[in-house]
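Trainee: Below is the file protein-v2.cif, with mmCIF, C-alpha atoms.
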```
data_run
#
loop_
_atom_site.group_PDB
_atom_site.id
_atom_site.type_symbol
_atom_site.label_atom_id
_atom_site.label_comp_id
_atom_site.auth_asym_id
_atom_site.auth_seq_id
_atom_site.Cartn_x
_atom_site.Cartn_y
_atom_site.Cartn_z
ATOM 1 C CA THR A 100 -5.200 -25.262 -18.013
ATOM 2 C CA ASP A 101 -7.669 -25.226 -15.157
ATOM 3 C CA ALA A 102 -4.878 -24.418 -12.707
ATOM 4 C CA ASP A 103 -3.724 -21.498 -14.873
ATOM 5 C CA ARG A 104 -7.276 -20.192 -15.068
ATOM 6 C CA GLN A 105 -7.624 -20.313 -11.277
ATOM 7 C CA ASP A 106 -4.304 -18.501 -10.867
ATOM 8 C CA LEU A 107 -5.413 -15.802 -13.302
ATOM 9 C CA GLU A 108 -8.774 -15.382 -11.549
ATOM 10 C CA THR A 109 -7.053 -15.090 -8.175
ATOM 11 C CA LEU A 110 -4.581 -12.536 -9.552
ATOM 12 C CA ALA A 111 -7.390 -10.443 -11.052
ATOM 13 C CA ALA A 112 -9.464 -10.719 -7.870
ATOM 14 C CA ALA A 113 -6.492 -9.473 -5.814
ATOM 15 C CA LEU A 114 -5.411 -6.586 -8.057
ATOM 16 C CA LYS A 115 -8.809 -5.195 -9.088
ATOM 17 C CA PRO A 116 -9.779 -4.021 -5.547
ATOM 18 C CA LEU A 117 -6.331 -2.559 -4.856
ATOM 19 C CA SER A 118 -6.248 -0.754 -8.224
ATOM 20 C CA THR A 119 -9.717 0.780 -7.966
ATOM 21 C CA TRP A 120 -9.308 1.836 -4.324
ATOM 22 C CA HIS A 121 -5.915 3.329 -5.186
ATOM 23 C CA ALA A 122 -7.454 5.282 -8.071
ATOM 24 C CA LEU A 123 -10.140 6.715 -5.774
ATOM 25 C CA ASP A 124 -7.594 7.620 -3.086
ATOM 26 C CA THR A 125 -5.373 9.291 -5.705
ATOM 27 C CA LEU A 126 -8.244 11.379 -7.054
ATOM 28 C CA GLN A 127 -9.227 12.394 -3.528
ATOM 29 C CA GLU A 128 -5.643 13.506 -2.866
ATOM 30 C CA CYS A 129 -5.536 15.447 -6.144
ATOM 31 C CA ARG A 130 -8.855 17.121 -5.459
ATOM 32 C CA GLY A 131 -7.674 18.264 -2.040
ATOM 33 C CA ALA A 132 -4.326 19.471 -3.403
ATOM 34 C CA CYS A 133 -6.153 21.733 -5.880
ATOM 35 C CA GLY A 134 -8.032 23.514 -3.093
ATOM 36 C CA GLY A 135 -11.413 24.922 -4.052
ATOM 37 C CA ALA A 136 -10.494 24.645 -7.725
ATOM 38 C CA GLY A 137 -10.562 20.888 -7.326
ATOM 39 C CA PHE A 138 -14.362 21.001 -7.028
ATOM 40 C CA LEU A 139 -14.868 22.902 -10.292
ATOM 41 C CA ALA A 140 -16.305 20.704 -13.045
ATOM 42 C CA GLY A 141 -13.809 22.101 -15.551
ATOM 43 C CA ASN A 142 -10.905 20.779 -13.502
ATOM 44 C CA ARG A 143 -12.395 17.267 -13.459
ATOM 45 C CA PRO A 144 -11.165 15.579 -10.205
ATOM 46 C CA ALA A 145 -14.667 15.620 -8.720
ATOM 47 C CA LEU A 146 -16.226 14.269 -11.939
ATOM 48 C CA LEU A 147 -13.545 11.620 -12.375
ATOM 49 C CA ARG A 148 -13.983 10.458 -8.800
ATOM 50 C CA ALA A 149 -17.744 10.217 -9.256
ATOM 51 C CA ASP A 150 -17.240 8.198 -12.450
ATOM 52 C CA LEU A 151 -14.720 5.827 -10.854
ATOM 53 C CA ASP A 152 -16.614 5.294 -7.608
ATOM 54 C CA ILE A 153 -18.767 2.575 -9.159
ATOM 55 C CA TYR A 154 -15.688 0.469 -9.929
ATOM 56 C CA ALA A 155 -15.377 -0.412 -6.244
ATOM 57 C CA THR A 156 -18.447 -2.602 -6.812
ATOM 58 C CA PHE A 157 -18.631 -2.893 -10.638
ATOM 59 C CA GLU A 158 -17.277 -6.152 -12.146
ATOM 60 C CA GLY A 159 -17.226 -7.698 -8.681
ATOM 61 C CA ASP A 160 -17.517 -5.980 -5.300
ATOM 62 C CA ASN A 161 -14.031 -5.317 -3.954
ATOM 63 C CA ASN A 162 -14.625 -6.927 -0.567
ATOM 64 C CA VAL A 163 -16.219 -10.018 -2.092
ATOM 65 C CA LEU A 164 -13.274 -10.392 -4.489
ATOM 66 C CA LEU A 165 -10.854 -10.228 -1.566
ATOM 67 C CA GLN A 166 -12.853 -12.960 0.172
ATOM 68 C CA LEU A 167 -12.356 -15.135 -2.917
ATOM 69 C CA VAL A 168 -8.616 -14.468 -2.784
ATOM 70 C CA ALA A 169 -8.513 -15.399 0.899
ATOM 71 C CA LYS A 170 -10.352 -18.657 0.233
ATOM 72 C CA ARG A 171 -7.809 -19.517 -2.460
ATOM 73 C CA LEU A 172 -4.936 -18.752 -0.078
ATOM 74 C CA LEU A 173 -6.479 -21.032 2.540
ATOM 75 C CA ALA A 174 -7.069 -23.753 -0.050
ATOM 76 C CA ASP A 175 -3.435 -23.587 -1.168
ATOM 77 C CA TYR A 176 -2.329 -23.664 2.469
ATOM 78 C CA ALA A 177 -4.418 -26.781 3.131
ATOM 79 C CA GLN A 178 -3.250 -28.407 -0.101
ATOM 80 C CA GLU A 179 0.340 -28.302 1.091
ATOM 81 C CA PHE A 180 -0.566 -30.524 4.028
ATOM 82 C CA ARG A 181 -2.677 -32.986 2.065
ATOM 83 C CA ARG A 182 0.387 -33.903 0.027
ATOM 84 C CA ALA A 183 2.825 -33.785 2.930
ATOM 85 C CA ASP A 184 4.401 -36.865 4.453
ATOM 86 C CA PHE A 185 5.234 -37.272 8.127
ATOM 87 C CA GLY A 186 8.684 -35.725 7.697
ATOM 88 C CA VAL A 187 7.259 -32.579 6.117
ATOM 89 C CA LEU A 188 4.683 -32.228 8.877
ATOM 90 C CA ALA A 189 7.346 -32.700 11.529
ATOM 91 C CA ARG A 190 9.479 -29.980 9.945
ATOM 92 C CA TRP A 191 6.443 -27.690 9.787
ATOM 93 C CA VAL A 192 5.727 -28.206 13.500
ATOM 94 C CA ALA A 193 9.378 -27.481 14.263
ATOM 95 C CA ALA A 194 9.264 -24.340 12.112
ATOM 96 C CA GLN A 195 6.126 -23.127 13.878
ATOM 97 C CA ALA A 196 7.773 -23.665 17.252
ATOM 98 C CA ALA A 197 10.858 -21.785 16.063
ATOM 99 C CA ASP A 198 8.652 -18.946 14.808
ATOM 100 C CA VAL A 199 6.996 -18.633 18.214
ATOM 101 C CA THR A 200 10.363 -18.679 19.962
ATOM 102 C CA LEU A 201 11.929 -16.143 17.591
ATOM 103 C CA HIS A 202 9.115 -13.628 17.154
ATOM 104 C CA ARG A 203 6.867 -13.838 20.185
ATOM 105 C CA THR A 204 9.472 -14.005 22.915
ATOM 106 C CA GLY A 205 11.345 -10.910 21.732
ATOM 107 C CA LEU A 206 14.478 -12.729 20.570
ATOM 108 C CA ARG A 207 14.243 -11.276 17.059
ATOM 109 C CA ARG A 208 13.757 -7.742 18.340
ATOM 110 C CA MET A 209 16.663 -8.186 20.748
ATOM 111 C CA ALA A 210 18.899 -9.404 17.906
ATOM 112 C CA GLN A 211 17.904 -6.411 15.772
ATOM 113 C CA THR A 212 18.618 -4.010 18.636
ATOM 114 C CA VAL A 213 22.060 -5.503 19.146
ATOM 115 C CA ALA A 214 22.802 -5.446 15.403
ATOM 116 C CA ASP A 215 21.816 -1.784 15.053
ATOM 117 C CA SER A 216 23.556 -0.729 18.315
ATOM 118 C CA GLY A 217 21.245 2.280 18.514
ATOM 119 C CA SER A 218 22.265 3.573 15.087
ATOM 120 C CA GLY A 219 19.476 4.967 12.918
ATOM 121 C CA LYS A 220 21.743 4.641 9.864
ATOM 122 C CA LYS A 221 22.206 0.904 10.428
ATOM 123 C CA ALA A 222 18.454 0.496 10.894
ATOM 124 C CA ALA A 223 17.798 2.400 7.646
ATOM 125 C CA ASN A 224 20.306 0.234 5.756
ATOM 126 C CA TYR A 225 18.420 -2.827 6.981
ATOM 127 C CA LEU A 226 15.051 -1.436 5.880
ATOM 128 C CA LYS A 227 16.105 -0.438 2.363
ATOM 129 C CA ASP A 228 17.472 -3.900 1.634
ATOM 130 C CA GLU A 229 15.369 -5.718 -0.979
ATOM 131 C CA GLY A 230 15.559 -9.027 0.882
ATOM 132 C CA THR A 231 14.414 -7.370 4.102
ATOM 133 C CA GLN A 232 11.356 -5.846 2.455
ATOM 134 C CA ARG A 233 10.470 -9.166 0.823
ATOM 135 C CA GLU A 234 10.823 -10.961 4.162
ATOM 136 C CA LEU A 235 8.648 -8.427 5.988
ATOM 137 C CA LEU A 236 5.858 -8.446 3.386
ATOM 138 C CA THR A 237 5.947 -12.198 2.744
ATOM 139 C CA GLY A 238 6.173 -13.006 6.445
ATOM 140 C CA ARG A 239 3.057 -10.965 7.184
ATOM 141 C CA VAL A 240 1.002 -12.740 4.512
ATOM 142 C CA GLY A 241 2.214 -16.163 5.664
ATOM 143 C CA ALA A 242 1.509 -15.449 9.321
ATOM 144 C CA MET A 243 -1.979 -14.076 8.594
ATOM 145 C CA VAL A 244 -2.927 -17.091 6.462
ATOM 146 C CA ALA A 245 -1.563 -19.506 9.074
ATOM 147 C CA GLU A 246 -3.543 -17.796 11.857
ATOM 148 C CA LEU A 247 -6.701 -17.882 9.739
ATOM 149 C CA ALA A 248 -6.201 -21.555 8.938
ATOM 150 C CA GLY A 249 -5.874 -22.302 12.632
ATOM 151 C CA ALA A 250 -8.988 -20.300 13.511
ATOM 152 C CA LEU A 251 -11.062 -22.001 10.784
ATOM 153 C CA ARG A 252 -9.676 -25.491 11.341
ATOM 154 C CA GLY A 253 -12.478 -28.035 11.443
ATOM 155 C CA ALA A 254 -15.179 -25.555 10.358
ATOM 156 C CA ALA A 255 -15.779 -27.481 7.126
ATOM 157 C CA ARG A 256 -16.799 -30.569 9.110
ATOM 158 C CA LEU A 257 -19.460 -28.710 11.102
ATOM 159 C CA PRO A 258 -23.109 -28.250 10.071
ATOM 160 C CA PRO A 259 -23.447 -25.584 7.334
ATOM 161 C CA ASP A 260 -25.044 -22.941 9.573
ATOM 162 C CA GLU A 261 -22.389 -23.252 12.261
ATOM 163 C CA SER A 262 -19.606 -23.369 9.681
ATOM 164 C CA ALA A 263 -20.926 -20.177 8.060
ATOM 165 C CA ARG A 264 -21.052 -18.403 11.433
ATOM 166 C CA ILE A 265 -17.408 -19.239 12.130
ATOM 167 C CA PHE A 266 -16.410 -18.120 8.661
ATOM 168 C CA ASN A 267 -18.339 -14.839 8.943
ATOM 169 C CA ARG A 268 -16.748 -14.169 12.327
ATOM 170 C CA HIS A 269 -13.381 -13.957 10.575
ATOM 171 C CA GLN A 270 -14.403 -11.940 7.514
ATOM 172 C CA HIS A 271 -12.203 -8.972 8.457
ATOM 173 C CA GLU A 272 -9.112 -11.167 8.857
ATOM 174 C CA LEU A 273 -9.915 -12.824 5.514
ATOM 175 C CA THR A 274 -10.053 -9.557 3.583
ATOM 176 C CA GLU A 275 -6.955 -8.172 5.330
ATOM 177 C CA ALA A 276 -4.927 -11.294 4.482
ATOM 178 C CA ALA A 277 -6.051 -11.066 0.846
ATOM 179 C CA ARG A 278 -5.193 -7.360 0.713
ATOM 180 C CA ALA A 279 -1.733 -8.097 2.133
ATOM 181 C CA HIS A 280 -1.305 -10.783 -0.542
ATOM 182 C CA GLY A 281 -2.278 -8.321 -3.296
ATOM 183 C CA GLU A 282 0.150 -5.709 -1.964
ATOM 184 C CA LEU A 283 2.909 -8.322 -1.958
ATOM 185 C CA LEU A 284 2.114 -9.144 -5.598
ATOM 186 C CA GLN A 285 2.444 -5.457 -6.495
ATOM 187 C CA TRP A 286 5.778 -5.135 -4.673
ATOM 188 C CA GLU A 287 7.118 -8.274 -6.378
ATOM 189 C CA ALA A 288 6.012 -7.057 -9.819
ATOM 190 C CA PHE A 289 7.763 -3.712 -9.272
ATOM 191 C CA THR A 290 10.907 -5.482 -8.065
ATOM 192 C CA ARG A 291 10.970 -7.789 -11.105
ATOM 193 C CA ALA A 292 10.630 -4.767 -13.376
ATOM 194 C CA LEU A 293 13.779 -3.280 -11.836
ATOM 195 C CA GLU A 294 15.804 -6.263 -13.050
ATOM 196 C CA GLY A 295 15.695 -5.050 -16.668
ATOM 197 C CA GLY A 296 18.524 -3.050 -18.181
ATOM 198 C CA ARG A 297 18.327 0.664 -17.299
ATOM 199 C CA ASP A 298 20.783 3.466 -16.864
ATOM 200 C CA PRO A 299 22.031 3.806 -13.262
ATOM 201 C CA GLY A 300 20.227 7.088 -12.618
ATOM 202 C CA THR A 301 16.823 5.762 -13.668
ATOM 203 C CA LEU A 302 17.375 2.562 -11.723
ATOM 204 C CA GLU A 303 18.217 4.534 -8.580
ATOM 205 C CA VAL A 304 15.079 6.668 -8.799
ATOM 206 C CA LEU A 305 12.828 3.678 -9.484
ATOM 207 C CA THR A 306 14.419 1.777 -6.591
ATOM 208 C CA TRP A 307 13.609 4.709 -4.292
ATOM 209 C CA LEU A 308 10.031 4.549 -5.583
ATOM 210 C CA ARG A 309 9.853 0.795 -4.921
ATOM 211 C CA ASP A 310 11.252 1.314 -1.414
ATOM 212 C CA LEU A 311 8.688 4.059 -0.812
ATOM 213 C CA PHE A 312 5.897 1.644 -1.712
ATOM 214 C CA GLY A 313 7.258 -1.321 0.261
ATOM 215 C CA LEU A 314 8.202 0.593 3.404
ATOM 216 C CA GLY A 315 4.974 2.587 3.138
ATOM 217 C CA LEU A 316 3.150 -0.733 3.572
ATOM 218 C CA VAL A 317 5.357 -1.566 6.557
ATOM 219 C CA GLU A 318 4.582 1.825 8.130
ATOM 220 C CA LYS A 319 0.866 1.351 7.446
ATOM 221 C CA HIS A 320 0.923 -1.941 9.374
ATOM 222 C CA LEU A 321 3.644 -0.990 11.857
ATOM 223 C CA GLY A 322 1.469 -2.024 14.801
ATOM 224 C CA TRP A 323 1.238 -5.556 13.414
ATOM 225 C CA TYR A 324 5.000 -5.840 12.981
ATOM 226 C CA LEU A 325 5.607 -4.634 16.530
ATOM 227 C CA MET A 326 2.944 -6.859 18.100
ATOM 228 C CA HIS A 327 4.244 -9.895 16.257
ATOM 229 C CA GLY A 328 7.878 -9.232 17.090
ATOM 230 C CA ARG A 329 9.006 -8.682 13.498
ATOM 231 C CA LEU A 330 10.617 -5.277 14.069
ATOM 232 C CA SER A 331 12.551 -3.783 16.973
ATOM 233 C CA ALA A 332 11.519 -0.424 18.427
ATOM 234 C CA GLN A 333 14.610 1.195 16.872
ATOM 235 C CA ARG A 334 13.778 -0.043 13.381
ATOM 236 C CA ALA A 335 10.114 0.833 13.796
ATOM 237 C CA ARG A 336 11.096 4.402 14.736
ATOM 238 C CA THR A 337 13.345 4.573 11.669
ATOM 239 C CA VAL A 338 10.634 3.724 9.128
ATOM 240 C CA GLY A 339 8.895 7.131 9.186
ATOM 241 C CA PRO A 340 12.033 9.317 9.000
ATOM 242 C CA TYR A 341 13.483 7.134 6.242
ATOM 243 C CA LEU A 342 10.266 7.454 4.219
ATOM 244 C CA ASN A 343 10.515 11.234 4.588
ATOM 245 C CA ARG A 344 14.077 11.109 3.236
ATOM 246 C CA LEU A 345 12.864 9.062 0.264
ATOM 247 C CA LEU A 346 10.161 11.639 -0.453
ATOM 248 C CA HIS A 347 12.757 14.418 -0.311
ATOM 249 C CA ARG A 348 14.921 12.544 -2.847
ATOM 250 C CA LEU A 349 11.979 11.808 -5.149
ATOM 251 C CA ARG A 350 10.484 15.302 -5.140
ATOM 252 C CA PRO A 351 12.804 16.710 -7.873
ATOM 253 C CA HIS A 352 11.857 13.740 -10.084
ATOM 254 C CA ALA A 353 8.085 13.948 -9.557
ATOM 255 C CA GLN A 354 7.385 15.636 -12.890
ATOM 256 C CA ASP A 355 9.590 13.175 -14.807
ATOM 257 C CA LEU A 356 7.865 10.214 -13.138
ATOM 258 C CA THR A 357 4.482 11.687 -14.045
ATOM 259 C CA ASP A 358 5.492 12.443 -17.636
ATOM 260 C CA ALA A 359 6.672 8.834 -18.003
ATOM 261 C CA PHE A 360 3.029 7.729 -18.142
ATOM 262 C CA GLY A 361 2.777 9.525 -21.476
ATOM 263 C CA TYR A 362 -0.365 11.541 -20.780
ATOM 264 C CA GLY A 363 -1.062 13.713 -23.831
ATOM 265 C CA PRO A 364 -3.362 16.689 -24.492
ATOM 266 C CA GLY A 365 -6.248 14.309 -25.118
ATOM 267 C CA LEU A 366 -6.136 13.279 -21.459
ATOM 268 C CA LEU A 367 -5.024 16.551 -19.854
ATOM 269 C CA ARG A 368 -8.345 18.270 -20.414
ATOM 270 C CA ALA A 369 -8.581 19.960 -17.008
ATOM 271 C CA ALA A 370 -8.352 23.749 -17.137
ATOM 272 C CA ILE A 371 -5.920 23.679 -14.225
ATOM 273 C CA ALA A 372 -3.539 21.194 -15.897
ATOM 274 C CA PRO A 373 -1.621 23.430 -18.375
ATOM 275 C CA GLY A 374 -1.007 26.138 -15.775
ATOM 276 C CA ALA A 375 -3.999 28.383 -16.499
ATOM 277 C CA GLU A 376 -4.751 28.694 -12.788
ATOM 278 C CA GLY A 377 -1.226 29.950 -12.085
ATOM 279 C CA LEU A 378 -1.526 32.578 -14.813
ATOM 280 C CA ARG A 379 -4.901 33.688 -13.452
ATOM 281 C CA GLN A 380 -3.437 34.134 -9.979
ATOM 282 C CA GLN A 381 -0.472 36.105 -11.336
ATOM 283 C CA GLU A 382 -2.829 38.403 -13.250
ATOM 284 C CA ALA A 383 -4.936 38.925 -10.122
ATOM 285 C CA ILE A 384 -1.857 39.787 -8.033
ATOM 286 C CA ALA A 385 -0.598 42.227 -10.710
ATOM 287 C CA CYS A 386 -4.032 43.895 -10.864
ATOM 288 C CA ILE A 387 -4.193 44.382 -7.086
ATOM 289 C CA ARG A 388 -0.660 45.795 -6.965
ATOM 290 C CA SER A 389 -1.484 48.207 -9.813
ATOM 291 C CA ARG A 390 -4.613 49.470 -8.070
ATOM 292 C CA ARG A 391 -2.739 49.924 -4.804
ATOM 293 C CA ALA A 392 -0.015 51.902 -6.589
ATOM 294 C CA SER A 393 -2.612 54.173 -8.248
ATOM 295 C CA GLY A 394 -4.542 54.661 -5.006
ATOM 296 C CA SER A 395 -7.753 53.176 -6.434
ATOM 297 C CA ALA A 396 -7.681 49.999 -4.378
ATOM 298 C CA PRO A 397 -10.429 49.587 -1.746
ATOM 299 C CA VAL A 398 -9.382 50.518 1.789
ATOM 300 C CA PRO A 399 -9.752 47.612 4.241
ATOM 301 C CA GLY A 400 -12.454 48.267 6.827
ATOM 302 C CA LYS A 401 -10.110 47.832 9.784
ATOM 303 C CA HIS A 402 -8.069 50.814 8.516
ATOM 304 C CA LEU A 403 -11.080 53.171 8.547
ATOM 305 C CA ARG A 404 -11.513 55.482 11.546
ATOM 306 C CA PRO A 405 -14.878 55.372 13.346
ATOM 307 C CA GLY A 406 -17.273 57.845 11.737
ATOM 308 C CA ALA A 407 -15.090 58.313 8.638
#
```
Give the structure from the file, written as structure tokens.
Mentor:
Amino acid sequence: TDADRQDLETLAAALKPLSTWHALDTLQECRGACGGAGFLAGNRPALLRADLDIYATFEGDNNVLLQLVAKRLLADYAQEFRRADFGVLARWVAAQAADVTLHRTGLRRMAQTVADSGSGKKAANYLKDEGTQRELLTGRVGAMVAELAGALRGAARLPPDESARIFNRHQHELTEAARAHGELLQWEAFTRALEGGRDPGTLEVLTWLRDLFGLGLVEKHLGWYLMHGRLSAQRARTVGPYLNRLLHRLRPHAQDLTDAFGYGPGLLRAAIAPGAEGLRQQEAIACIRSRRASGSAPVPGKHLRPGA
């Protein structure tokens, strides 16, 4: 149907920018982790990054696609009110007033502080809860779309030039709201995937990975959550240390998680991938030690006496 097609287009427009930017960031991280060897053509990160760079604009520029997503979010937001009766509108006004009272006056943060009673463990238990993560991510998208709708209210009834100026003035907020929506879609997809039958050990590791992604987004936008009264200072301080604990738990499983993608020899064509670099370094160390033991190793200049 036409509605299904629009949903599919919006989904693709949201996920394509996030996927291609993530791929570029991952390759940049890999290239840096390989040191100087990461720049060698035979090890491929530099070539792969150059090949993938075009995808940030190919098949639709990423920023333009996010603008399309934001427009759809605003259209859906407006559609809710076109079909609403007086009772629905009254409840919405009441909900908005309650949101202001709860989040912007500090009541929510105060309640969180009291609930945690200064305990980092209690704050961490709150953050790792699936419902909490969903509320934090969904609440941010909803608040951003609502603020945008308020800022753009009435722009469509203005002359085209003036309407375009107002719209362009809020381009950054539009793309950020769309990016937040795409990140929420990713978190929800991961969470749905965890509902399938798995052994307890696998489920635990994948849940840690999901929490790492969700709380990583919260940490990335921690300033927003603090400014909008969504997190107390105690819980905000707990996010970083808890993420570090998750990384410590996941580190022993990193190779298994990587192998799960099923990359075979046809893809692992980098010279550094099968461990050749490690063998080369071991051979170099053994050679230096052998030369030192035989007395044939060069003498460092700082050990030479003047005039020797």
Trainee: When the PyMOL selection byres ((chain A and resi 157-163) around 12) is applied to the structure above, which residues does it catch, written out as number ranges by chain?
Mentor: A: 108, 111-121, 150-156, 164-170, 270-278
Trainee: Using the selection just defined, write its residues with C-alpha atoms as a JSON list (two decimals), in the coordinates of the input.
Mentor:
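Generated file (selection.json):
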```
[["chain", "number", "residue", "atom", "x", "y", "z"],
["A", 108, "GLU", "CA", -8.77, -15.38, -11.55],
["A", 111, "ALA", "CA", -7.39, -10.44, -11.05],
["A", 112, "ALA", "CA", -9.46, -10.72, -7.87],
["A", 113, "ALA", "CA", -6.49, -9.47, -5.81],
["A", 114, "LEU", "CA", -5.41, -6.59, -8.06],
["A", 115, "LYS", "CA", -8.81, -5.20, -9.09],
["A", 116, "PRO", "CA", -9.78, -4.02, -5.55],
["A", 117, "LEU", "CA", -6.33, -2.56, -4.86],
["A", 118, "SER", "CA", -6.25, -0.75, -8.22],
["A", 119, "THR", "CA", -9.72, 0.78, -7.97],
["A", 120, "TRP", "CA", -9.31, 1.84, -4.32],
["A", 121, "HIS", "CA", -5.92, 3.33, -5.19],
["A", 150, "ASP", "CA", -17.24, 8.20, -12.45],
["A", 151, "LEU", "CA", -14.72, 5.83, -10.85],
["A", 152, "ASP", "CA", -16.61, 5.29, -7.61],
["A", 153, "ILE", "CA", -18.77, 2.58, -9.16],
["A", 154, "TYR", "CA", -15.69, 0.47, -9.93],
["A", 155, "ALA", "CA", -15.38, -0.41, -6.24],
["A", 156, "THR", "CA", -18.45, -2.60, -6.81],
["A", 164, "LEU", "CA", -13.27, -10.39, -4.49],
["A", 165, "LEU", "CA", -10.85, -10.23, -1.57],
["A", 166, "GLN", "CA", -12.85, -12.96, 0.17],
["A", 167, "LEU", "CA", -12.36, -15.14, -2.92],
["A", 168, "VAL", "CA", -8.62, -14.47, -2.78],
["A", 169, "ALA", "CA", -8.51, -15.40, 0.90],
["A", 170, "LYS", "CA", -10.35, -18.66, 0.23],
["A", 270, "GLN", "CA", -14.40, -11.94, 7.51],
["A", 271, "HIS", "CA", -12.20, -8.97, 8.46],
["A", 272, "GLU", "CA", -9.11, -11.17, 8.86],
["A", 273, "LEU", "CA", -9.91, -12.82, 5.51],
["A", 274, "THR", "CA", -10.05, -9.56, 3.58],
["A", 275, "GLU", "CA", -6.96, -8.17, 5.33],
["A", 276, "ALA", "CA", -4.93, -11.29, 4.48],
["A", 277, "ALA", "CA", -6.05, -11.07, 0.85],
["A", 278, "ARG", "CA", -5.19, -7.36, 0.71]]
```
Trainee: Evaluate the PyMOL selection byres ((chain A and resi 370) around 6) here and jot the selected residues down as a PyMOL selection string.
Mentor: chain A and resi 141-142+369+371-372
Trainee: Distance CA of Arg268 in chain A-CA of Arg239 in chain A, one decimal place?
Mentor: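 Distance between the two atoms: 20.7 Å.
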Trainee: Suppose you want the space between CA of Gly339 in chain A and CA of Leu314 in chain A; what is it in Å?
Mentor: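 That distance, rounded to one decimal, is 8.8 Å.
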Trainee: Could you check which of A:Val338, A:Ala177, A:Leu325, A:Val398 is closest to Asn224 in chain A, using only C-alpha atoms?
Mentor: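 Closest residue, counting only C-alpha atoms: A:Val338.
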Trainee: Looking at all atoms listed in the file, which of A:Asp106, A:Glu234, A:Asp124, A:Glu246 is the one that sits closest to Leu173 in chain A?
Mentor: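 That would be A:Glu246, the residue with the smallest distance to Leu173 in chain A.
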Trainee: At what distance in Å, to one decimal, does CA of Pro351 in chain A lie from CA of Gly300 in chain A?
Mentor: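 Those two atoms sit 13.0 Å apart.
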Trainee: Which residue is closest to Thr306 in chain A? Choose from A:Glu229, A:Glu287, A:Glu318, A:Asp355 and count only C-alpha atoms.
Mentor: A:Glu229
Trainee: Output as an mmCIF file, in the frame of the given file: range 365-369 of chain A, completed with all heavy atoms.
Mentor:
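File written: rebuild-v2.cif
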```cif
data_model
loop_
_atom_site.group_PDB
_atom_site.id
_atom_site.type_symbol
_atom_site.label_atom_id
_atom_site.label_comp_id
_atom_site.auth_asym_id
_atom_site.auth_seq_id
_atom_site.Cartn_x
_atom_site.Cartn_y
_atom_site.Cartn_z
ATOM 1 N N GLY A 365 -4.926 14.924 -25.112
ATOM 2 C CA GLY A 365 -6.248 14.309 -25.118
ATOM 3 C C GLY A 365 -6.721 13.881 -23.747
ATOM 4 O O GLY A 365 -7.925 13.742 -23.509
ATOM 5 N N LEU A 366 -5.787 13.672 -22.829
ATOM 6 C CA LEU A 366 -6.136 13.279 -21.459
ATOM 7 C C LEU A 366 -6.076 14.462 -20.498
ATOM 8 O O LEU A 366 -6.827 14.512 -19.526
ATOM 9 C CB LEU A 366 -5.189 12.172 -20.979
ATOM 10 C CG LEU A 366 -5.329 10.826 -21.696
ATOM 11 C CD1 LEU A 366 -4.207 9.883 -21.280
ATOM 12 C CD2 LEU A 366 -6.680 10.193 -21.374
ATOM 13 N N LEU A 367 -5.175 15.407 -20.757
ATOM 14 C CA LEU A 367 -5.024 16.551 -19.854
ATOM 15 C C LEU A 367 -6.016 17.644 -20.232
ATOM 16 O O LEU A 367 -5.655 18.720 -20.718
ATOM 17 C CB LEU A 367 -3.589 17.084 -19.916
ATOM 18 C CG LEU A 367 -2.496 16.084 -19.541
ATOM 19 C CD1 LEU A 367 -1.123 16.714 -19.665
ATOM 20 C CD2 LEU A 367 -2.700 15.576 -18.113
ATOM 21 N N ARG A 368 -7.288 17.348 -19.992
ATOM 22 C CA ARG A 368 -8.345 18.270 -20.414
ATOM 23 C C ARG A 368 -8.825 19.164 -19.276
ATOM 24 O O ARG A 368 -9.763 19.925 -19.457
ATOM 25 C CB ARG A 368 -9.528 17.479 -20.990
ATOM 26 C CG ARG A 368 -9.142 16.618 -22.181
ATOM 27 C CD ARG A 368 -10.364 16.151 -22.961
ATOM 28 N NE ARG A 368 -11.326 15.436 -22.136
ATOM 29 C CZ ARG A 368 -11.262 14.131 -21.884
ATOM 30 N NH1 ARG A 368 -10.253 13.419 -22.363
ATOM 31 N NH2 ARG A 368 -12.175 13.540 -21.165
ATOM 32 N N ALA A 369 -8.190 19.097 -18.120
ATOM 33 C CA ALA A 369 -8.581 19.960 -17.008
ATOM 34 C C ALA A 369 -8.004 21.353 -17.224
ATOM 35 O O ALA A 369 -6.857 21.508 -17.652
ATOM 36 C CB ALA A 369 -8.081 19.381 -15.687
#
```
